[in-house]
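With compact mmCIF, N, CA and C atoms inside, this is run_24.txt:
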```txt
# COMPACT_ATOMS: atom_id res chain seq x y z
N MET B 1 224.01 96.11 -4.20
CA MET B 1 224.30 95.60 -2.88
C MET B 1 225.79 95.76 -2.57
N SER B 2 226.08 95.85 -1.31
CA SER B 2 227.47 95.98 -0.86
C SER B 2 228.06 94.60 -0.58
N LYS B 3 229.37 94.56 -0.46
CA LYS B 3 230.02 93.29 -0.13
C LYS B 3 229.58 92.78 1.24
N TYR B 4 229.24 93.69 2.15
CA TYR B 4 228.81 93.29 3.49
C TYR B 4 227.42 92.66 3.45
N LEU B 5 226.53 93.26 2.70
CA LEU B 5 225.20 92.69 2.58
C LEU B 5 225.25 91.38 1.78
N ASP B 6 226.08 91.34 0.76
CA ASP B 6 226.28 90.07 0.03
C ASP B 6 226.74 88.97 0.98
N ARG B 7 227.69 89.31 1.85
CA ARG B 7 228.21 88.34 2.81
C ARG B 7 227.11 87.90 3.77
N ALA B 8 226.26 88.84 4.21
CA ALA B 8 225.16 88.49 5.11
C ALA B 8 224.21 87.50 4.44
N TYR B 9 223.89 87.72 3.18
CA TYR B 9 223.03 86.78 2.45
C TYR B 9 223.70 85.41 2.36
N GLU B 10 225.00 85.41 2.11
CA GLU B 10 225.75 84.16 2.02
C GLU B 10 225.69 83.39 3.34
N ILE B 11 225.92 84.09 4.43
CA ILE B 11 225.93 83.48 5.76
C ILE B 11 224.55 82.93 6.12
N ARG B 12 223.51 83.71 5.86
CA ARG B 12 222.16 83.29 6.24
C ARG B 12 221.67 82.11 5.41
N ALA B 13 222.31 81.87 4.26
CA ALA B 13 221.93 80.72 3.42
C ALA B 13 222.58 79.43 3.88
N ILE B 14 223.59 79.53 4.75
CA ILE B 14 224.28 78.33 5.24
C ILE B 14 223.37 77.61 6.23
N ILE B 15 223.15 76.33 5.98
CA ILE B 15 222.30 75.54 6.87
C ILE B 15 223.11 74.95 8.02
N GLU B 16 224.24 74.35 7.71
CA GLU B 16 225.12 73.76 8.72
C GLU B 16 226.53 74.25 8.53
N PRO B 17 227.16 74.79 9.51
CA PRO B 17 226.60 75.03 10.84
C PRO B 17 225.68 76.24 10.82
N HIS B 18 224.73 76.23 11.75
CA HIS B 18 223.80 77.35 11.90
C HIS B 18 224.58 78.59 12.35
N HIS B 19 224.19 79.74 11.82
CA HIS B 19 224.75 81.02 12.24
C HIS B 19 223.62 81.81 12.89
N ASN B 20 223.79 82.16 14.16
CA ASN B 20 222.77 82.96 14.82
C ASN B 20 222.85 84.40 14.30
N CYS B 21 221.94 85.23 14.76
CA CYS B 21 221.87 86.60 14.25
C CYS B 21 223.12 87.42 14.58
N ALA B 22 223.64 87.27 15.78
CA ALA B 22 224.86 88.00 16.16
C ALA B 22 226.03 87.55 15.30
N GLN B 23 226.18 86.26 15.11
CA GLN B 23 227.25 85.73 14.26
C GLN B 23 227.10 86.25 12.83
N SER B 24 225.88 86.28 12.35
CA SER B 24 225.64 86.72 10.98
C SER B 24 226.04 88.17 10.77
N VAL B 25 225.76 89.02 11.74
CA VAL B 25 226.13 90.43 11.61
C VAL B 25 227.65 90.59 11.67
N ILE B 26 228.28 90.07 12.70
CA ILE B 26 229.72 90.28 12.86
C ILE B 26 230.51 89.62 11.72
N MET B 27 230.04 88.46 11.26
CA MET B 27 230.76 87.77 10.20
C MET B 27 230.55 88.41 8.83
N SER B 28 229.64 89.35 8.73
CA SER B 28 229.50 90.12 7.49
C SER B 28 230.64 91.13 7.35
N PHE B 29 231.32 91.43 8.45
CA PHE B 29 232.35 92.47 8.47
C PHE B 29 233.73 91.99 8.90
N ASN B 30 233.83 90.86 9.59
CA ASN B 30 235.09 90.50 10.24
C ASN B 30 236.26 90.35 9.28
N ARG B 31 235.99 90.07 8.02
CA ARG B 31 237.09 89.87 7.08
C ARG B 31 237.87 91.16 6.80
N ASP B 32 237.30 92.30 7.18
CA ASP B 32 238.02 93.58 7.06
C ASP B 32 238.74 93.94 8.36
N THR B 33 238.80 92.99 9.27
CA THR B 33 239.53 93.18 10.53
C THR B 33 240.53 92.03 10.64
N ASP B 34 241.18 91.96 11.76
CA ASP B 34 242.14 90.86 11.97
C ASP B 34 241.50 89.67 12.67
N ILE B 35 240.17 89.59 12.64
CA ILE B 35 239.43 88.50 13.27
C ILE B 35 239.00 87.50 12.18
N SER B 36 239.37 86.24 12.37
CA SER B 36 239.02 85.20 11.40
C SER B 36 237.54 84.84 11.50
N ASP B 37 237.04 84.16 10.48
CA ASP B 37 235.66 83.68 10.52
C ASP B 37 235.44 82.78 11.73
N GLU B 38 236.38 81.89 11.99
CA GLU B 38 236.25 80.96 13.12
C GLU B 38 236.16 81.70 14.45
N VAL B 39 237.01 82.69 14.64
CA VAL B 39 237.01 83.44 15.89
C VAL B 39 235.72 84.25 16.01
N ALA B 40 235.30 84.90 14.95
CA ALA B 40 234.06 85.68 14.98
C ALA B 40 232.87 84.78 15.30
N TYR B 41 232.84 83.60 14.68
CA TYR B 41 231.77 82.63 14.92
C TYR B 41 231.72 82.23 16.39
N ARG B 42 232.88 81.89 16.94
CA ARG B 42 232.94 81.47 18.35
C ARG B 42 232.63 82.63 19.29
N MET B 43 233.14 83.82 18.96
CA MET B 43 232.97 84.98 19.82
C MET B 43 231.49 85.35 20.00
N ALA B 44 230.71 85.18 18.94
CA ALA B 44 229.30 85.58 18.98
C ALA B 44 228.35 84.42 19.28
N ALA B 45 228.90 83.25 19.59
CA ALA B 45 228.08 82.05 19.77
C ALA B 45 226.98 82.20 20.81
N HIS B 46 227.24 82.89 21.89
CA HIS B 46 226.26 82.99 22.97
C HIS B 46 225.36 84.21 22.88
N PHE B 47 225.41 84.93 21.75
CA PHE B 47 224.63 86.16 21.64
C PHE B 47 223.40 86.02 20.76
N GLY B 48 223.20 84.85 20.15
CA GLY B 48 221.99 84.60 19.39
C GLY B 48 220.85 84.29 20.34
N GLY B 49 219.63 84.42 19.83
CA GLY B 49 218.47 84.12 20.66
C GLY B 49 218.38 85.04 21.87
N GLY B 50 218.86 86.26 21.71
CA GLY B 50 218.85 87.19 22.84
C GLY B 50 219.71 86.69 23.97
N MET B 51 220.98 86.42 23.66
CA MET B 51 221.95 85.89 24.62
C MET B 51 221.46 84.56 25.19
N LYS B 52 220.81 83.80 24.31
CA LYS B 52 220.29 82.47 24.62
C LYS B 52 219.24 82.45 25.72
N ASN B 53 218.63 83.64 25.96
CA ASN B 53 217.56 83.66 26.95
C ASN B 53 216.45 84.65 26.60
N GLY B 54 216.37 85.02 25.32
CA GLY B 54 215.30 85.91 24.87
C GLY B 54 215.52 87.37 25.17
N SER B 55 216.70 87.73 25.58
CA SER B 55 217.01 89.12 25.93
C SER B 55 217.24 89.95 24.66
N VAL B 56 218.19 90.86 24.69
CA VAL B 56 218.43 91.78 23.58
C VAL B 56 218.73 91.01 22.29
N CYS B 57 218.06 91.40 21.21
CA CYS B 57 218.19 90.76 19.91
C CYS B 57 219.66 90.64 19.49
N GLY B 58 220.00 89.49 18.94
CA GLY B 58 221.37 89.22 18.52
C GLY B 58 221.91 90.16 17.48
N VAL B 59 221.04 90.75 16.64
CA VAL B 59 221.57 91.68 15.65
C VAL B 59 222.15 92.92 16.32
N ILE B 60 221.60 93.27 17.46
CA ILE B 60 222.10 94.44 18.20
C ILE B 60 223.45 94.13 18.82
N THR B 61 223.56 92.99 19.47
CA THR B 61 224.85 92.64 20.06
C THR B 61 225.90 92.40 18.98
N GLY B 62 225.49 91.81 17.86
CA GLY B 62 226.41 91.63 16.74
C GLY B 62 226.88 92.97 16.19
N ALA B 63 225.98 93.93 16.10
CA ALA B 63 226.34 95.26 15.62
C ALA B 63 227.33 95.93 16.56
N LEU B 64 227.07 95.83 17.86
CA LEU B 64 227.97 96.47 18.83
C LEU B 64 229.35 95.82 18.82
N MET B 65 229.40 94.49 18.71
CA MET B 65 230.70 93.82 18.60
C MET B 65 231.44 94.26 17.34
N THR B 66 230.71 94.37 16.24
CA THR B 66 231.32 94.79 14.98
C THR B 66 231.89 96.20 15.09
N LEU B 67 231.13 97.09 15.64
CA LEU B 67 231.61 98.47 15.79
C LEU B 67 232.84 98.51 16.68
N GLY B 68 232.87 97.67 17.71
CA GLY B 68 234.05 97.58 18.56
C GLY B 68 235.26 97.09 17.80
N LEU B 69 235.06 96.12 16.89
CA LEU B 69 236.18 95.62 16.08
C LEU B 69 236.79 96.73 15.23
N PHE B 70 235.98 97.70 14.85
CA PHE B 70 236.46 98.82 14.04
C PHE B 70 236.84 100.01 14.92
N ASN B 71 237.01 99.76 16.22
CA ASN B 71 237.45 100.78 17.18
C ASN B 71 236.49 101.96 17.29
N LEU B 72 235.20 101.68 17.22
CA LEU B 72 234.19 102.71 17.44
C LEU B 72 233.55 102.46 18.80
N ASP B 73 234.24 102.90 19.83
CA ASP B 73 233.81 102.69 21.21
C ASP B 73 233.30 104.02 21.77
N ASP B 74 232.21 104.48 21.20
CA ASP B 74 231.63 105.76 21.57
C ASP B 74 230.20 105.51 22.05
N PRO B 75 229.87 105.94 23.26
CA PRO B 75 228.51 105.72 23.77
C PRO B 75 227.42 106.27 22.85
N ALA B 76 227.69 107.37 22.17
CA ALA B 76 226.70 107.94 21.27
C ALA B 76 226.44 107.02 20.08
N ILE B 77 227.48 106.37 19.60
CA ILE B 77 227.31 105.43 18.48
C ILE B 77 226.52 104.22 18.95
N ALA B 78 226.83 103.71 20.13
CA ALA B 78 226.08 102.58 20.67
C ALA B 78 224.61 102.95 20.86
N GLN B 79 224.36 104.13 21.40
CA GLN B 79 222.98 104.56 21.58
C GLN B 79 222.28 104.72 20.24
N GLY B 80 223.03 105.10 19.21
CA GLY B 80 222.47 105.19 17.87
C GLY B 80 221.97 103.85 17.36
N VAL B 81 222.69 102.78 17.70
CA VAL B 81 222.27 101.43 17.31
C VAL B 81 220.92 101.12 17.95
N PHE B 82 220.79 101.37 19.23
CA PHE B 82 219.53 101.11 19.94
C PHE B 82 218.40 101.97 19.37
N LYS B 83 218.70 103.24 19.17
CA LYS B 83 217.68 104.18 18.66
C LYS B 83 217.21 103.74 17.27
N PHE B 84 218.15 103.39 16.40
CA PHE B 84 217.80 102.94 15.05
C PHE B 84 216.89 101.71 15.13
N PHE B 85 217.30 100.72 15.89
CA PHE B 85 216.54 99.47 15.96
C PHE B 85 215.15 99.71 16.53
N LYS B 86 215.09 100.44 17.62
CA LYS B 86 213.80 100.71 18.25
C LYS B 86 212.86 101.47 17.31
N SER B 87 213.42 102.38 16.51
CA SER B 87 212.60 103.16 15.59
C SER B 87 211.97 102.28 14.51
N LYS B 88 212.61 101.17 14.21
CA LYS B 88 212.11 100.25 13.18
C LYS B 88 211.18 99.18 13.74
N HIS B 89 211.23 98.98 15.07
CA HIS B 89 210.54 97.83 15.66
C HIS B 89 209.73 98.20 16.90
N ASN B 90 208.98 99.30 16.80
CA ASN B 90 208.04 99.70 17.85
C ASN B 90 208.66 99.74 19.24
N ASP B 91 209.86 100.29 19.32
CA ASP B 91 210.57 100.45 20.60
C ASP B 91 210.95 99.13 21.25
N GLU B 92 210.93 98.04 20.51
CA GLU B 92 211.24 96.72 21.07
C GLU B 92 212.68 96.34 20.78
N LEU B 93 213.36 95.77 21.77
CA LEU B 93 214.73 95.29 21.64
C LEU B 93 214.86 93.80 21.95
N MET B 94 213.90 93.24 22.65
CA MET B 94 214.01 91.88 23.17
C MET B 94 213.63 90.84 22.12
N CYS B 95 214.50 89.86 21.96
CA CYS B 95 214.32 88.78 21.00
C CYS B 95 212.97 88.09 21.16
N THR B 96 212.67 87.67 22.36
CA THR B 96 211.41 86.95 22.61
C THR B 96 210.21 87.77 22.17
N ASN B 97 210.19 89.04 22.52
CA ASN B 97 209.06 89.89 22.16
C ASN B 97 208.98 90.11 20.65
N LEU B 98 210.13 90.31 20.01
CA LEU B 98 210.15 90.49 18.56
C LEU B 98 209.61 89.25 17.86
N LEU B 99 210.00 88.08 18.34
CA LEU B 99 209.51 86.83 17.74
C LEU B 99 208.02 86.63 17.99
N LYS B 100 207.53 86.99 19.18
CA LYS B 100 206.10 86.87 19.48
C LYS B 100 205.28 87.80 18.59
N ILE B 101 205.75 89.02 18.40
CA ILE B 101 205.05 89.98 17.54
C ILE B 101 205.03 89.46 16.11
N ASN B 102 206.16 88.96 15.64
CA ASN B 102 206.24 88.41 14.29
C ASN B 102 205.27 87.25 14.12
N ALA B 103 205.25 86.33 15.08
CA ALA B 103 204.35 85.17 15.00
C ALA B 103 202.88 85.61 15.02
N ALA B 104 202.57 86.59 15.86
CA ALA B 104 201.19 87.09 15.94
C ALA B 104 200.74 87.71 14.62
N ASN B 105 201.70 88.21 13.87
CA ASN B 105 201.41 88.79 12.56
C ASN B 105 201.48 87.76 11.44
N GLY B 106 201.65 86.49 11.81
CA GLY B 106 201.66 85.41 10.84
C GLY B 106 203.01 85.15 10.19
N GLY B 107 204.05 85.76 10.73
CA GLY B 107 205.39 85.59 10.16
C GLY B 107 206.08 84.33 10.62
N GLN B 108 207.04 83.88 9.82
CA GLN B 108 207.87 82.75 10.18
C GLN B 108 209.19 83.27 10.74
N LYS B 109 209.81 82.46 11.59
CA LYS B 109 211.01 82.90 12.31
C LYS B 109 212.20 83.21 11.40
N LYS B 110 212.59 82.28 10.53
CA LYS B 110 213.80 82.48 9.73
C LYS B 110 213.73 83.72 8.84
N PRO B 111 212.67 83.91 8.05
CA PRO B 111 212.62 85.13 7.24
C PRO B 111 212.64 86.41 8.08
N HIS B 112 212.01 86.35 9.24
CA HIS B 112 212.00 87.50 10.15
C HIS B 112 213.41 87.83 10.62
N CYS B 113 214.11 86.81 11.10
CA CYS B 113 215.47 87.02 11.60
C CYS B 113 216.42 87.41 10.47
N ASP B 114 216.26 86.79 9.31
CA ASP B 114 217.08 87.17 8.15
C ASP B 114 216.93 88.66 7.87
N ALA B 115 215.68 89.14 7.85
CA ALA B 115 215.43 90.55 7.56
C ALA B 115 216.07 91.46 8.60
N LEU B 116 216.05 91.05 9.86
CA LEU B 116 216.70 91.85 10.91
C LEU B 116 218.21 91.91 10.68
N VAL B 117 218.80 90.79 10.30
CA VAL B 117 220.24 90.76 10.01
C VAL B 117 220.57 91.72 8.87
N TYR B 118 219.84 91.63 7.77
CA TYR B 118 220.13 92.47 6.61
C TYR B 118 219.96 93.95 6.94
N GLU B 119 218.91 94.26 7.68
CA GLU B 119 218.66 95.64 8.10
C GLU B 119 219.84 96.18 8.93
N MET B 120 220.31 95.36 9.88
CA MET B 120 221.38 95.82 10.76
C MET B 120 222.72 95.89 10.03
N VAL B 121 222.98 94.97 9.13
CA VAL B 121 224.22 95.03 8.35
C VAL B 121 224.26 96.33 7.55
N GLU B 122 223.16 96.71 6.94
CA GLU B 122 223.12 97.97 6.20
C GLU B 122 223.36 99.16 7.13
N TYR B 123 222.76 99.11 8.31
CA TYR B 123 222.95 100.22 9.26
C TYR B 123 224.41 100.30 9.73
N VAL B 124 224.99 99.17 10.11
CA VAL B 124 226.38 99.16 10.57
C VAL B 124 227.30 99.66 9.46
N GLU B 125 227.06 99.23 8.25
CA GLU B 125 227.88 99.71 7.13
C GLU B 125 227.80 101.23 7.03
N SER B 126 226.61 101.80 7.18
CA SER B 126 226.46 103.25 7.09
C SER B 126 227.22 103.95 8.21
N VAL B 127 227.19 103.38 9.42
CA VAL B 127 227.93 103.97 10.55
C VAL B 127 229.44 103.90 10.29
N LEU B 128 229.90 102.77 9.80
CA LEU B 128 231.33 102.63 9.51
C LEU B 128 231.78 103.62 8.44
N LYS B 129 230.95 103.81 7.42
CA LYS B 129 231.28 104.78 6.36
C LYS B 129 231.30 106.20 6.92
N GLU B 130 230.27 106.55 7.69
CA GLU B 130 230.19 107.89 8.28
C GLU B 130 231.40 108.22 9.16
N ASN B 131 231.97 107.20 9.74
CA ASN B 131 233.10 107.39 10.65
C ASN B 131 234.44 107.08 10.00
N GLY B 132 234.46 106.94 8.69
CA GLY B 132 235.69 106.74 7.95
C GLY B 132 236.40 105.43 8.21
N LYS B 133 235.66 104.41 8.61
CA LYS B 133 236.26 103.11 8.93
C LYS B 133 236.28 102.17 7.74
N ILE B 134 235.44 102.43 6.75
CA ILE B 134 235.46 101.63 5.51
C ILE B 134 235.31 102.57 4.33
```

Mind turning the file's structure into structure tokens?
Amino acid sequence: MSKYLDRAYEIRAIIEPHHNCAQSVIMSFNRDTDISDEVAYRMAAHFGGGMKNGSVCGVITGALMTLGLFNLDDPAIAQGVFKFFKSKHNDELMCTNLLKINAANGGQKKPHCDALVYEMVEYVESVLKENGKI
């Protein structure tokens, strides 16, 4: 495992305070930037739960914020995040729909969201490596 995935596991194990999916992704990487844990936590606060309204999954917004922190502001890279996620989740991006599909398949919310975080942390790490950022 990488230090980023180790950090994601550490964050997802914290009960209080709760870390949403966006916070979990960005906080897996922020220590390699000039952004503190506290700032990363606050910055991503409104992006969990699909921006608190069931919209785009927090792991996606967390990934995009992380890539921005590493100065990867390229539309093709952003589109790669969407393409990767959709390829793994039946073209779905919306938090509410992902949770409904998971529940219909008998899944529980926390393990489902944890798995999405770990999957995205691995993907973001690969993008950062490919672009010489880590």

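Residues in contact with B:Ile26 at up to 7 Å, not including ones fewer than 5 positions away on its chain and judged by all atoms listed in the file, are Cys21, Arg31, Ala40, Gly62, Ala63, Met65 and Thr66 of chain B.
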
Inset, instruction - Compile the contact shell of B:His46 as a PyMOL selection string: residues with an atom at most 10 Å away, counting only C-alpha atoms, same-chain residues fewer than 3 positions apart removed. - result: chain B and resi 20+22-23+41-43+49-53+58

Please provide as a compact mmCIF listing (two decimals) with N, CA and C atoms, in the frame of the given file all residues within 8 Å of B:Leu116, with the sequence filter that same-chain residues fewer than 3 positions apart are discarded (counting only N, CA and C atoms).
```txt
# COMPACT_ATOMS: atom_id res chain seq x y z
N CYS B 21 221.94 85.23 14.76
CA CYS B 21 221.87 86.60 14.25
C CYS B 21 223.12 87.42 14.58
N GLY B 58 220.00 89.49 18.94
CA GLY B 58 221.37 89.22 18.52
C GLY B 58 221.91 90.16 17.48
N VAL B 59 221.04 90.75 16.64
CA VAL B 59 221.57 91.68 15.65
C VAL B 59 222.15 92.92 16.32
N ILE B 60 221.60 93.27 17.46
CA ILE B 60 222.10 94.44 18.20
C ILE B 60 223.45 94.13 18.82
N LYS B 110 212.59 82.28 10.53
CA LYS B 110 213.80 82.48 9.73
C LYS B 110 213.73 83.72 8.84
N PRO B 111 212.67 83.91 8.05
CA PRO B 111 212.62 85.13 7.24
C PRO B 111 212.64 86.41 8.08
N HIS B 112 212.01 86.35 9.24
CA HIS B 112 212.00 87.50 10.15
C HIS B 112 213.41 87.83 10.62
N CYS B 113 214.11 86.81 11.10
CA CYS B 113 215.47 87.02 11.60
C CYS B 113 216.42 87.41 10.47
N GLU B 119 218.91 94.26 7.68
CA GLU B 119 218.66 95.64 8.10
C GLU B 119 219.84 96.18 8.93
N MET B 120 220.31 95.36 9.88
CA MET B 120 221.38 95.82 10.76
C MET B 120 222.72 95.89 10.03
N VAL B 121 222.98 94.97 9.13
CA VAL B 121 224.22 95.03 8.35
C VAL B 121 224.26 96.33 7.55
N GLU B 122 223.16 96.71 6.94
CA GLU B 122 223.12 97.97 6.20
C GLU B 122 223.36 99.16 7.13
```

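Taking only C-alpha atoms, the non-local environment of stretch 79-89 of chain B within 10 Å (same-chain residues fewer than 3 positions away omitted) comprises Cys57, Val59, Ile60, Thr61, Ala63, Leu64, Leu67, Asp74, Pro75, Ala76, Glu92, Leu93, Leu98, Ile101, Leu116, Glu119, Met120, Tyr123, Val124 and Val127 of chain B.
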
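For B:Ile11, the residues within 8 Å (counting only N, CA and C atoms, excluding itself and residues fewer than 4 positions away along the chain) are Leu5, Asp6, Arg7, Ile15, His18, His19, Gln23, Ser24, Met27 and Ser28 of chain B.
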
Inset, instruction - Within chain B, find each residue whose DSSP state, derived from the backbone, is helix (DSSP H, G or I), and express the selection as a PyMOL selection string. - result: chain B and resi 3-13+21-26+30-32+37-43+45-54+58-69+75-88+95-104+109-130

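Pairwise distance (atom C of B:Phe70, atom CA of B:Cys95) equals 25.9 Å.
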
Inset, instruction - Go through B:Val39, B:Ile134, B:Leu99, B:Met94 and flag the residue nearest B:Asn71, using only C-alpha atoms for the distances. - result: B:Ile134

Inset, instruction - Go ahead and compute the interatomic distance for atom C of B:Thr96 and atom CA of B:Gly54, in Å to one decimal. - result: 6.1 Å

Inset, instruction - Kindly indicate which residue among B:Gly106, B:Glu38, B:Ile77, B:Tyr9 lies nearest to B:Ser126, using only C-alpha atoms for the distances. - result: B:Ile77

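The nearest approach to B:Tyr4 among the residues B:Lys100, B:Phe29, B:Asp114, B:Leu72, with only N, CA and C atoms taken into account, belongs to B:Phe29.
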